[in-house]
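Worksheet: one structure, shown below.
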Amino acid sequence: MKAFARLLERLAFTAGRNAKLTILSHYFAATPDPDRGWALAALTGTLDLRQVSPSLLRRLAGERVDAQLFALSYDFVGDLAETIALIWPETASNAPQVTVSQAVTLLRETGKLALPAAIAATLDRMTPPERLAFLKLGTGNLRVGVSARLAQVALAQGSQRRVEDIEEIWHGLAPPYMPLFAWLAGGEKPEAASAAPFRPVMLSTPVTPDDLPPLDPADYLAEWKWDGIRVQAVSEGGLRRLYSRTGDDIGAAFPDLIEAMDFEGAVDGELLIRRDADVAPFADLQKRLGRKVVSKAMLQSHPATLRLYDILTWQGQDLRPLALADRRARLESVNFASPRIDLSPLLPFATWDDLARLRAAPPAAVIEGVMIKRRTSPYVAGRPRGPWFKWKRDPMVVDAVLLYAQSGHGKRSGFYSDFTFGLWDGADLVPVGKAYFGFTDEELVELDRFVRKNTTQRFGPVRQLAPLLVVEVAFEGLNASPRHRSGLAMRFPRISRIRWDKPAPEADQLATLRAML
Amino acid sequence: MSLKAEDVLYPTETGLYCAPGDFFIDPMRPVPRALVTHGHADHARPDHGAVMATRQTLEIMAIRYGADFTRQRQIADGATRIGGVTVSFHPAGHVLGSAQILIVPDNGPRIVVSGDYCRVPNPVCAPFEPVACDVFVTEATFGLPVFRHPEPLAETGRLIASMAEFPDRPHIVGAYALGKAQRVIALARAVGHDRPIAIHGALKRLCDYHIEQGIDLGELVSASDPGEAQLVLAPPSAFASPWVQRFRDPVLSYASGWMTVRARARQRGIELPLILSDHVDWPSLTATIRELGPQEVWITHGTEDGLMRWCELQGIASRPLRLVGYEDEPE
């Protein structure tokens with residue numbers, strides 16, 4: 001548990017992706033089975049543990065620590081699990097170290113009545129970092145910023161296997177993943193044991209108008225790029241699953257769609273909220289994401305639908321080696337027999353200019369550009385450059401004023417690189433978003449210099465800036481958001497240009513942004 | 001008639017005042033006569049009429065404020081008579097030169113003003129010496145039971161392990177210029193890091209002074225020309241300055257007792273928090289009070305509520321002095 005605790009601590013404080021990968025792959029290399037497998041499960045959220053409630057934790061602490069000292073400490077530390085991990089009285093225990101496996105087994109198998117005493121006895125055998133790791137496991141909240149995908153990349157990094165191959169078998173495996181680690185070390189490939197497995201998805205690369213002329217339009221198919229969620233719907237051997245593009249099973253939140261998946265195969269498409277022919281904006285889809293239980297009213301008002309553009313397997317046959325045009329023909333020949341499932345139409349075009357005109361005037365607001373796919377392309381995992389392109393619509397832009405800055409991490413240590421910007425609302429500047437990227441390294445140096453010269457106040461690590469510098473902020477979409485003071489939330493905002501030339505009073509009004517909604 | 005403790009020593013706006021001796025201890029403002037426990041800037045201030053302190057504290061003050069930091073100085077050496085009291089200085093284990101001050105009135109209680117102190121062996125200063133007393137005046141910087149500082153060598157081991165895990169990334173450790181910086185260096189040496197260590201310019205004079213005092217810090221180089229040095233020490237304030245920009249993809253670390261609390265590390269954007277303190281943690285603070293067995297505990301500054309509650313549970317009389325002007329743990 002000591003190594004696991006150290007791992008969680010390093011991950012929690014490390015922002016950089018590469019550094020996280022290094023830490024993870026070193027951990028997997030140095031930790032024996034089955035501990036590393038349980039750790040992998042804890043990080044990727046595939047553990048089903050008994051939930052330890054905050055009230056149980058408080059009660060345990062109350063038995064060991066004076067209530068007033070505990071209250072003072074909790075006020076100071078601010079996090080319940082952390083307070084208990086730190087304040088738990090040390091007992092001179094000669095018991096051997098608790099392993100991750102033992103901790104997981106305890107949280108999986110202990111009955112409700114025996115749980116409090118079992119947790120207390122385990123805490124007695126631990127150091128403070130171990131206690132924190134154990135309690136975070138129990139409260140189901142590691143918060144270390146590791147996705148299943150990141151963990152898989154780390155596993156691939158330390159082995160000869162490709163991350164796509166790991167993804168392919170991932171959903172057929174169960175903790176503590178010993179066959180997986182054996183295979184990573186050069187052993188036998190585990191059977192993809194589960195029915196309806198996830199197939200690693202094929203991704204596109206961005207394209208600009210300048211890239212297109214050398215390509216022959218006749219070699220390509222084009223479709224709308226929908227602003228929903230890319231999903232893989234798999235219905236095989238009586239099992240139905242809906243996977244996100246990273247392979248997370250999100251079916252529980254979409255029982256209405258699962259019910260409609262009455263076929264034998266694996267198809268690729270866009271998850272959309274659609275009311276008859278009208279596709280709802282992304283914000284409507286967001287309301288249904290991540291729910292464990294979906295209310296009847298929500299199922300009625302926000303019906304989930306699937307708009308397909310590819311077919312990976314059908315009736316037990318793997319279609320991925322076929323050319324896209326052939327797969328498309330197979331897809332069009334299927335009757336899905338549900339109003340919830342339809343096909344993403346192909347766009348008619350003879351020249352790239354034709355396509356540019358379509359892209360410029362999409363028939364619906366939830367279209368965020370066009371996809372361009374080579375007719376001959378087989379379905380391959382990952383993001384190969386060439387067969388599939390995304391040609392997004394031009395981003396929305398506003399000219400905003402920099403208001404606050406905070407320094408970055410890793411390569412950006414010492415540079416003010418995280419910015420909050422605002423728009424005019426009468427005589428006031430109202431914060432409307434934050435941007436961390438979009439500028440070049442040279443521009444970062446200039447922005448940093450600006451921040452240092454124009455700080456009016458400091459709040460801990462945050463600097464308030466004199467409202468002098470205008471930046472052009474590009475973003476992909478806009479949602480109404482009651483949680484933000486401006487009432488608006490941008491998607492993927494970034495600083496696309498620094499307007500050293502533009503006086504702050506000439507930056508955009510909040511009303512201008514509202515009108516874009 | 002015997003004097004009461006609160007007539008011998010009491011808090012004023014300027015700091016702790018000893019009436020029968022007519023002197024202040026660690027005063028915030030210039031006074032005619034000051035007794036100074038140690039060289040940290042919030043305890044040792046310039047421009048007093050006369051300063052009595054250990055030789056090393058006086059020398060550190062001269063380095064920081066110039067040779068004319070006071071009109072008169074007196075090296076504490078054995079028991080010394082000042083007015084109606086006898087004072088003596090005893091090692092506090094906090095930083096080089098740090099001392100507790102024992103005040104013995106002719107007719108009254110023995111009072112120990114411990115200043116800042118630490119019980120963990122520290123390679124850069126003399127260890128804390130327990131001094132029997134009736135009134136123990138203590139800090140409570142880490143006066144809550146959540147503060148249990150881990151073994152310093154083990155914490156240093158984490159730093160060394162991170163440098164091995166990321167051999168291409170410089171590790172910049174934020175450490176206060178007096179005491180903490182030299183301790184981090186000495187600890188790194190103790191766990192076998194024998195490569196040159198780079199130091200920020202603001203640390204140079206005090207590192208040089210430690211070396212003059214016979215403390216081995218190994219090879220130190222300037223952080224402006226670090227060469228192959230992977231370990232860099234700087235005052236934490238340097239993290240917010242463009243100075244840090246010269247390093248490529250550094251791991252920012254910070255050596256402080258506050259790093260126990262994750263939110264503190266996160267607020268500062270620290271990637272590698274090291275829990276390393278020159279103050280007593282809760283177990284040693286409470287163990288020290290038990291060991292000395294004073295009739296009364298007076299608390300100068302820190303999270304006194306926690307310690308007062310503990311004293312109450314132990315049946316020991318305690319009293320907060322609520323001295324202002326001392327930083328939690330200075331930078």
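Going through the structure tokens in order, the chains are called A, B, and so on, while each chain numbers its residues from 1 and the ligands are numbered from 1 in the order shown.
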
Practice problem: Using only C-alpha atoms, determine which residues of chain A fall within 10 Å of chain B; present them as a ChimeraX atom specification. | Solution: /A:6,9-16,19,22-23,26,65-66,68-74,76-79,82-90,127-129,406-416,445,448-449,452,460-462

Quiz item: Could you pull the residues within 12 Å of Val432 of chain A, counting only C-alpha atoms, minus those fewer than 2 positions along the same chain, as a PyMOL selection string?
Solution: chain A and resi 398-404+419-425+429-430+434-435+473+475+478-481+483-491+493+508-511+513-514

Quiz prompt | All alpha helix (DSSP H) positions in segment 144-232 of chain A, as a PyMOL selection string | solution = chain A and resi 148-157+163-170+178-184

Quiz item: Could you state the separation of atom CA of His40 of chain B and atom CA of Asp7 of chain B in Å, given to one decimal place?
Solution: 27.8 Å

Practice problem: Compare A:Ala266, A:Leu43, A:Ala233, A:Ile250 by their minimum atom-to-atom distance to Pro176 of chain A, counting only C-alpha atoms, and give me the closest one. | Solution: A:Leu43

Practice problem: Give me the residues within 12 Å of Phe69 of chain B as a VMD selection string, counting only C-alpha atoms and dropping any in the same chain fewer than 5 places off. | Solution: chain B and resid 30 44 to 51 58 to 64

Export of the given selection (N, CA and C atoms) as a compact mmCIF listing (two decimals), in the first residue's frame:
# COMPACT_ATOMS: atom_id res chain seq x y z
N PRO B 30 12.14 48.52 16.96
CA PRO B 30 13.37 48.87 17.67
C PRO B 30 13.08 49.18 19.14
N ALA B 44 14.31 38.43 14.53
CA ALA B 44 15.51 39.25 14.66
C ALA B 44 15.37 40.47 13.76
N ARG B 45 15.13 41.62 14.37
CA ARG B 45 14.95 42.83 13.57
C ARG B 45 16.08 43.81 13.89
N PRO B 46 16.36 44.69 12.94
CA PRO B 46 17.50 45.60 13.13
C PRO B 46 17.14 46.83 13.97
N ASP B 47 18.16 47.62 14.28
CA ASP B 47 18.01 48.97 14.86
C ASP B 47 17.62 49.01 16.33
N HIS B 48 17.96 47.95 17.09
CA HIS B 48 17.77 48.04 18.53
C HIS B 48 18.96 48.79 19.16
N GLY B 49 18.73 49.24 20.40
CA GLY B 49 19.85 49.87 21.11
C GLY B 49 20.92 48.86 21.46
N ALA B 50 20.48 47.69 21.99
CA ALA B 50 21.42 46.65 22.35
C ALA B 50 20.77 45.30 22.08
N VAL B 51 21.58 44.37 21.59
CA VAL B 51 21.06 43.03 21.31
C VAL B 51 21.91 42.01 22.02
N LEU B 58 23.99 36.59 16.34
CA LEU B 58 24.51 37.96 16.12
C LEU B 58 25.22 38.05 14.77
N GLU B 59 25.98 37.01 14.44
CA GLU B 59 26.69 37.04 13.15
C GLU B 59 25.71 36.95 11.98
N ILE B 60 24.66 36.15 12.15
CA ILE B 60 23.65 36.05 11.09
C ILE B 60 22.95 37.40 10.90
N MET B 61 22.65 38.07 12.03
CA MET B 61 22.01 39.40 11.93
C MET B 61 22.93 40.38 11.21
N ALA B 62 24.22 40.27 11.48
CA ALA B 62 25.17 41.17 10.82
C ALA B 62 25.22 40.89 9.32
N ILE B 63 25.11 39.61 8.94
CA ILE B 63 25.10 39.27 7.51
C ILE B 63 23.86 39.84 6.86
N ARG B 64 22.71 39.75 7.54
CA ARG B 64 21.45 40.15 6.93
C ARG B 64 21.27 41.68 6.92

Quiz item: Could you name the residues that touch Pro152 of chain B at 9 Å or less, counting only C-alpha atoms, but leaving out those on the same chain fewer than 5 positions away, as an MDAnalysis selection string?
Solution: chainID B and resid 120 157 187 275:277

Quiz item: In terms of the shortest atom-to-atom distance over only C-alpha atoms, which of A:Ala29, A:Leu358, A:Ala218, A:Ala39 is closest to Thr376 of chain A?
Solution: A:Ala218

Practice problem: Enumerate as a PyMOL selection string all residues of segment 140-192 of chain B assigned to strand (DSSP E) by DSSP on the backbone, naming them with the chain letters and numbers the document uses. | Solution: chain B and resi 140+171-174

What would the file look like if the residues just selected were written as a tab-separated table (two decimals), in the first residue's frame with N, CA and C atoms?
chain	number	residue	atom	x	y	z
B	140	ALA	N	3.21	27.45	18.72
B	140	ALA	CA	2.28	26.37	18.36
B	140	ALA	C	2.04	26.45	16.85
B	171	HIS	N	15.10	19.76	-10.43
B	171	HIS	CA	14.21	19.81	-9.27
B	171	HIS	C	14.54	21.06	-8.46
B	172	ILE	N	13.61	21.99	-8.42
B	172	ILE	CA	13.85	23.22	-7.69
B	172	ILE	C	13.10	23.15	-6.36
B	173	VAL	N	13.86	23.17	-5.28
B	173	VAL	CA	13.24	23.08	-3.96
B	173	VAL	C	13.16	24.46	-3.34
B	174	GLY	N	11.97	24.89	-3.02
B	174	GLY	CA	11.79	26.15	-2.32
B	174	GLY	C	12.11	25.94	-0.85

Skip Asp22 of chain B itself and residues of its chain fewer than 5 positions away, then list as an mmCIF file with C-alpha atoms, in the first residue's frame all residues within 12 Å of it, counting only C-alpha atoms.
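What follows is the written file part_24.cif:
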data_model
loop_
_atom_site.group_PDB
_atom_site.id
_atom_site.type_symbol
_atom_site.label_atom_id
_atom_site.label_comp_id
_atom_site.auth_asym_id
_atom_site.auth_seq_id
_atom_site.Cartn_x
_atom_site.Cartn_y
_atom_site.Cartn_z
ATOM 1 C CA ASP B 7 4.653 40.276 36.474
ATOM 2 C CA VAL B 8 8.004 38.991 35.246
ATOM 3 C CA LEU B 9 7.024 38.573 31.607
ATOM 4 C CA TYR B 10 4.055 39.808 29.646
ATOM 5 C CA LEU B 16 7.232 39.937 25.066
ATOM 6 C CA TYR B 17 8.542 42.274 27.783
ATOM 7 C CA VAL B 31 13.760 48.846 21.478
ATOM 8 C CA PRO B 32 16.565 49.892 23.855
ATOM 9 C CA ARG B 33 17.382 46.283 24.767
ATOM 10 C CA ALA B 34 16.411 43.103 22.947
ATOM 11 C CA LEU B 35 17.146 39.447 23.576
ATOM 12 C CA ALA B 50 21.422 46.646 22.354
ATOM 13 C CA ARG B 81 22.565 39.160 35.165
ATOM 14 C CA ILE B 82 20.187 41.726 33.606
ATOM 15 C CA GLY B 83 18.411 44.003 36.081
ATOM 16 C CA GLY B 84 16.517 41.840 38.525
ATOM 17 C CA VAL B 85 16.759 38.585 36.575
ATOM 18 C CA THR B 86 19.370 36.104 35.467
#

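Proximity to Ala126 of chain B at 9 Å, evaluated using only C-alpha atoms and with sequence-adjacent residues fewer than 2 positions away removed, yields Pro91, Ala92, Gly93, His94, Val95, Leu96, Gly97, Ser98, Pro121, Asn122, Pro123, Val124, Phe128 and Glu129 of chain B.
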
Practice problem: Would you mind listing what lies within 8 Å of Arg241 of chain A as a ChimeraX atom specification, with only C-alpha atoms counted and same-chain residues fewer than 4 positions away left out? | Solution: /A:196,233-235,249-251,258

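Coordinates place atom CA of Val221 of chain B at a distance of 12.7 Å from atom CA of Asp194 of chain B.
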